[in-house]
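Here's run_25.csv, which has CSV, C-alpha atoms:
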chain,number,residue,atom,x,y,z
D,1,MET,CA,23.2,-1.4,1.2
D,2,ILE,CA,19.8,-2.9,1.7
D,3,LEU,CA,21.4,-6.2,2.6
D,4,GLY,CA,23.7,-4.5,5.1
D,5,LYS,CA,20.7,-2.9,6.9
D,6,LEU,CA,19.0,-6.3,6.9
D,7,TYR,CA,22.1,-7.9,8.4
D,8,LEU,CA,22.1,-5.3,11.2
D,9,GLY,CA,18.4,-5.7,11.8
D,10,LEU,CA,18.6,-9.5,12.1
D,11,ASP,CA,21.6,-9.3,14.4
D,12,GLY,CA,19.7,-6.9,16.7
D,13,PHE,CA,16.6,-9.1,16.6
D,14,TRP,CA,18.7,-12.1,17.8
D,15,GLN,CA,20.5,-10.0,20.4
D,16,ASP,CA,17.1,-9.0,21.9
D,17,PHE,CA,16.4,-12.6,22.4
D,18,ASN,CA,19.9,-13.3,23.7
D,19,ILE,CA,20.4,-16.2,21.3
D,20,ALA,CA,24.1,-16.1,22.1
D,21,ALA,CA,23.4,-17.6,25.6
D,22,ALA,CA,21.7,-20.6,23.9
D,23,CYS,CA,24.5,-20.9,21.3
D,24,ALA,CA,27.0,-21.0,24.2
D,25,ASN,CA,25.2,-24.0,25.6
D,26,CYS,CA,24.7,-25.7,22.3
D,27,GLN,CA,26.2,-29.2,22.2
D,28,ASP,CA,25.7,-29.8,18.5
D,29,PRO,CA,28.4,-29.7,16.0
D,30,ASP,CA,29.4,-26.5,14.4
D,31,CYS,CA,27.8,-25.3,11.2
D,32,VAL,CA,27.7,-27.8,8.4
D,33,GLY,CA,28.7,-26.9,4.9
D,34,TYR,CA,25.5,-26.2,3.0
D,35,VAL,CA,25.7,-22.4,3.2
D,36,TRP,CA,24.0,-21.1,0.1
D,37,LEU,CA,24.5,-17.5,-0.9
D,38,LEU,CA,22.8,-14.6,-2.7
D,39,LYS,CA,24.9,-13.6,-5.7
D,40,GLU,CA,26.1,-10.4,-4.1
D,41,GLU,CA,27.1,-12.3,-1.0
D,42,ALA,CA,29.1,-14.7,-3.1
D,43,ASP,CA,30.8,-11.8,-4.8
D,44,SER,CA,31.7,-10.0,-1.5
D,45,LEU,CA,32.8,-13.2,0.3
D,46,TYR,CA,35.0,-14.1,-2.7
D,47,GLU,CA,36.7,-10.7,-2.4
D,48,LEU,CA,37.4,-11.5,1.2
D,49,GLY,CA,39.1,-14.7,0.1
D,50,VAL,CA,36.4,-17.2,1.0
D,51,PRO,CA,36.3,-20.1,-1.6
D,52,ILE,CA,33.0,-20.2,-3.5
D,53,ILE,CA,31.4,-22.9,-5.5
D,54,GLU,CA,28.9,-22.2,-8.1
D,55,ILE,CA,26.7,-25.0,-9.5
D,56,ASN,CA,25.1,-25.0,-13.0
D,57,ASP,CA,25.8,-21.3,-13.4
D,58,GLY,CA,23.2,-20.8,-10.6
D,59,PRO,CA,23.3,-21.2,-6.9
D,60,CYS,CA,26.6,-20.4,-5.0
D,61,PHE,CA,27.8,-21.9,-1.7
D,62,ILE,CA,30.7,-21.4,0.6
D,63,HIS,CA,33.0,-24.1,-0.7
D,64,SER,CA,33.3,-26.6,2.1
D,65,PHE,CA,33.0,-29.8,0.0
D,66,PRO,CA,35.8,-32.3,0.1
D,67,GLN,CA,37.8,-33.2,-3.0
D,68,ALA,CA,37.0,-36.5,-4.6
D,69,LEU,CA,39.8,-39.1,-5.0
D,70,GLY,CA,39.9,-38.7,-8.8
D,71,GLY,CA,39.6,-34.9,-8.7
D,72,GLY,CA,36.5,-32.9,-8.7
D,73,ILE,CA,34.1,-32.5,-5.7
D,74,ASP,CA,32.8,-35.3,-3.5
D,75,PHE,CA,29.2,-34.5,-3.0
D,76,SER,CA,28.5,-37.9,-1.4
D,77,TYR,CA,30.2,-36.7,1.8
D,78,ARG,CA,27.3,-35.6,4.0
D,79,TYR,CA,27.3,-32.4,6.0
D,80,PRO,CA,30.9,-31.3,5.7
D,81,PRO,CA,31.8,-28.7,8.3
D,82,CYS,CA,31.7,-25.1,7.1
D,83,ASN,CA,35.2,-24.1,6.0
D,84,GLN,CA,34.9,-20.9,8.0
D,85,LEU,CA,34.5,-22.8,11.3
D,86,CYS,CA,34.4,-21.0,14.6
D,87,GLN,CA,36.7,-23.7,16.3
D,88,GLY,CA,35.0,-23.5,19.7
D,89,THR,CA,34.4,-19.8,19.9
D,90,ARG,CA,30.9,-20.0,18.4
D,91,ARG,CA,32.0,-17.1,16.1
D,92,CYS,CA,33.2,-18.1,12.7
D,93,SER,CA,36.1,-16.5,10.9
D,94,ILE,CA,33.6,-14.5,8.7
D,95,TYR,CA,31.2,-13.6,11.5
D,96,GLU,CA,30.9,-9.9,10.7
D,97,ASN,CA,30.4,-10.8,7.0
D,98,ARG,CA,28.4,-14.0,7.3
D,99,PRO,CA,25.6,-14.5,4.8
D,100,LEU,CA,21.9,-14.1,5.3
D,101,VAL,CA,21.3,-17.8,5.6
D,102,CYS,CA,23.6,-17.9,8.7
D,103,ARG,CA,22.1,-14.7,10.2
D,104,LEU,CA,18.6,-16.1,9.8
D,105,TYR,CA,19.2,-19.5,11.4
D,106,PRO,CA,17.2,-21.1,13.1
D,107,LEU,CA,14.8,-19.3,10.8
D,108,ALA,CA,15.0,-20.6,7.2
D,109,LEU,CA,13.2,-21.0,3.9
D,110,GLU,CA,11.7,-24.4,3.1
D,111,MET,CA,9.9,-25.9,0.2
D,112,GLN,CA,6.5,-27.3,1.0
D,113,PRO,CA,4.8,-30.4,-0.6
D,114,ASN,CA,2.5,-28.0,-2.5
D,115,GLY,CA,5.5,-26.2,-4.1
D,116,MET,CA,5.2,-23.1,-1.9
D,117,VAL,CA,8.2,-21.7,-0.1
D,118,MET,CA,7.5,-20.9,3.5
D,119,TRP,CA,9.5,-19.4,6.4
D,120,VAL,CA,10.1,-22.1,9.0
D,121,LEU,CA,11.7,-22.4,12.4
D,122,HIS,CA,14.2,-25.3,12.9
D,123,GLN,CA,13.1,-27.2,15.9
D,124,ASP,CA,16.5,-29.0,16.5
D,125,CYS,CA,18.1,-25.7,17.7
D,126,GLU,CA,19.1,-25.1,21.3
D,127,PHE,CA,17.6,-21.6,21.2
D,128,VAL,CA,14.3,-23.0,20.0
D,129,ARG,CA,14.4,-25.7,22.7
D,130,ARG,CA,15.1,-23.1,25.3
D,131,GLN,CA,12.2,-20.9,24.3
D,132,LYS,CA,10.0,-23.9,24.3
D,133,ARG,CA,11.1,-24.9,27.8
D,134,LEU,CA,10.5,-21.4,29.1
D,135,GLY,CA,7.1,-21.2,27.5
D,136,LEU,CA,8.3,-18.3,25.3
D,137,LEU,CA,8.2,-19.9,21.9
D,138,THR,CA,4.8,-18.5,20.8
D,139,ASP,CA,5.9,-15.0,21.7
D,140,PHE,CA,9.1,-15.4,19.8
D,141,GLU,CA,7.3,-16.7,16.8
D,142,GLU,CA,5.1,-13.7,16.8
D,143,VAL,CA,8.0,-11.3,16.8
D,144,ALA,CA,9.8,-13.4,14.2
D,145,ARG,CA,6.8,-13.1,11.9
D,146,ARG,CA,6.9,-9.3,12.2
D,147,VAL,CA,10.7,-9.2,11.5
D,148,LEU,CA,10.3,-11.4,8.5
D,149,SER,CA,7.5,-9.3,7.2
D,150,ARG,CA,9.9,-6.3,7.2
D,151,ILE,CA,12.4,-7.9,4.8
D,152,PRO,CA,12.4,-5.7,1.7
D,153,GLN,CA,10.5,-7.3,-1.2
D,154,VAL,CA,13.5,-7.0,-3.5
D,155,VAL,CA,15.6,-9.0,-1.1
D,156,LEU,CA,12.8,-11.5,-0.4
D,157,THR,CA,12.3,-12.1,-4.1
D,158,LYS,CA,16.0,-12.8,-4.5
D,159,LEU,CA,16.1,-15.1,-1.5
D,160,VAL,CA,13.1,-17.2,-2.7
D,161,ILE,CA,14.5,-17.4,-6.3
D,162,THR,CA,17.9,-18.4,-5.0
D,163,TYR,CA,16.4,-20.9,-2.5
D,164,ARG,CA,14.3,-22.5,-5.3
D,165,ALA,CA,17.5,-22.9,-7.4
D,166,VAL,CA,19.3,-24.5,-4.4
D,167,TYR,CA,16.3,-26.8,-3.6
D,168,ASP,CA,16.3,-28.0,-7.3
D,169,ILE,CA,19.8,-29.5,-6.8
D,170,SER,CA,19.3,-30.7,-3.3
D,171,LEU,CA,18.5,-34.1,-1.7
D,172,PHE,CA,17.5,-34.9,1.9
D,173,PRO,CA,18.9,-38.5,2.3
D,174,ASP,CA,18.3,-38.5,6.1
D,175,GLY,CA,14.7,-37.2,5.8
D,176,PRO,CA,13.4,-33.6,6.0
D,177,ASN,CA,14.5,-31.0,8.5
D,178,GLN,CA,12.6,-30.8,11.7
D,179,THR,CA,10.9,-27.5,11.3
D,180,LYS,CA,7.7,-25.6,12.0
D,181,ILE,CA,6.0,-23.2,9.5
D,182,ILE,CA,6.1,-19.6,10.7
D,183,LYS,CA,4.7,-17.8,7.7
D,184,GLU,CA,4.5,-17.7,3.9
D,185,ALA,CA,7.5,-16.4,2.1
D,186,GLU,CA,5.7,-15.7,-1.2
D,187,ASN,CA,2.6,-13.8,-2.1
D,188,VAL,CA,0.0,-16.4,-3.0
W,1,MET,CA,24.6,-23.9,14.8
W,2,SER,CA,23.1,-24.5,11.4
W,3,LYS,CA,22.2,-28.2,10.8
W,4,CYS,CA,20.4,-28.2,7.5
W,5,LYS,CA,20.1,-31.8,6.3
W,6,ALA,CA,20.3,-31.0,2.6
W,7,VAL,CA,23.1,-32.3,0.4
W,8,VAL,CA,23.8,-31.6,-3.2
W,9,ASP,CA,22.4,-34.1,-5.6
W,10,SER,CA,25.4,-34.8,-7.7
W,11,LYS,CA,23.3,-36.3,-10.5
W,12,LYS,CA,21.9,-32.8,-11.1
W,13,VAL,CA,25.3,-31.1,-11.3
W,14,THR,CA,26.2,-30.4,-14.9
W,15,LYS,CA,28.6,-27.5,-14.4
W,16,LEU,CA,30.8,-26.7,-11.4
W,17,THR,CA,32.8,-23.5,-11.0
W,18,VAL,CA,35.1,-23.1,-8.0
W,19,LYS,CA,36.1,-19.5,-7.3
W,20,VAL,CA,39.1,-18.9,-5.2
W,21,LYS,CA,40.6,-15.5,-5.1
W,22,PRO,CA,44.3,-15.6,-5.8
W,23,LYS,CA,46.4,-14.5,-2.9
W,24,PRO,CA,48.6,-11.4,-3.6
W,25,GLN,CA,52.1,-12.4,-4.3
W,26,PRO,CA,54.6,-11.0,-1.8
W,27,ALA,CA,56.9,-8.5,-3.2
W,28,SER,CA,60.4,-9.9,-3.7
W,29,PRO,CA,63.1,-8.4,-1.5
W,30,SER,CA,65.1,-7.3,-4.5
W,31,ALA,CA,62.2,-5.4,-6.0
W,32,SER,CA,61.4,-3.6,-2.8
W,33,GLN,CA,64.9,-2.5,-1.9
W,34,PRO,CA,66.3,0.7,-3.4
W,35,LYS,CA,69.0,0.0,-6.0
W,36,THR,CA,72.5,1.2,-5.2
W,37,LYS,CA,75.4,1.6,-7.5
Translate the structure of the given file into structure tokens.
Amino acid sequence: MILGKLYLGLDGFWQDFNIAAACANCQDPDCVGYVWLLKEEADSLYELGVPIIEINDGPCFIHSFPQALGGGIDFSYRYPPCNQLCQGTRRCSIYENRPLVCRLYPLALEMQPNGMVMWVLHQDCEFVRRQKRLGLLTDFEEVARRVLSRIPQVVLTKLVITYRAVYDISLFPDGPNQTKIIKEAENV
Amino acid sequence: MSKCKAVVDSKKVTKLTVKVKPKPQPASPSASQPKTK
């Protein structure tokens, strides 16, 4: 229930900024397959028939990873397309049920060198580039800070714990994401 | 569209569980039709 309200709140937030117009002009590939999930999201997407992969009895992802030749999963394949691809419509097959990590983008959690998890804004997003071109990025960031501050603590705690578990099994072979820190995600 | 540059570090994967919900089996025609004598 809390998650459902948060989903609606985030959707409304992005609608207010008309992110769909920027998405429609985005020339980048569709979402890539590193969609990590809260446990309850994994459970509900599983019930909808979405394949889920769970690693080390911990973090769950939408299963978009290719199969290795000898069986098992080929994790060496970088950035597999999400298996719920939108196929040109910019709306994926689970759009109404898409997880928090998708609803947040281009906002995201990110580990900092000092071990703190922060809210960041991906800079290589067409929406962010548009806000920057229009001189509206600072205003957007201010609103984003307020919206992120309203995420219920119980959800935020789950998000940070899950993100930390995801980060622990992650690599960034092509270097870090291009992001800008928006605010802290944890109480220091 | 999401473009996170992270990948799974396969060296850290010790257990992998793939969860795929079984699709419901379609009822066989003989089971769904009323039996007649």
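Of the residues under consideration (D:Ser44, D:Asn56, D:Asn25, D:Ser93), D:Asn56 shows the shortest atom-to-atom contact distance to W:Lys15 when counting all atoms listed in the file.
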**Prompt:** chain D residues within 9 Å of chain W, counting only C-alpha atoms: which ones, as a ChimeraX atom specification?
**Reply:** /D:23,26,28-35,46-57,63,72-79,90,102,105-106,122,124-126,166-177
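Atom pair atom CA of D:Ile182 / atom CA of D:Ile2: separated by 23.4 Å.
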**Request:** Find the distance between atom CA of D:Ala144 and atom CA of D:Arg103 and write it in Å to one decimal.
**Result:** 13.0 Å
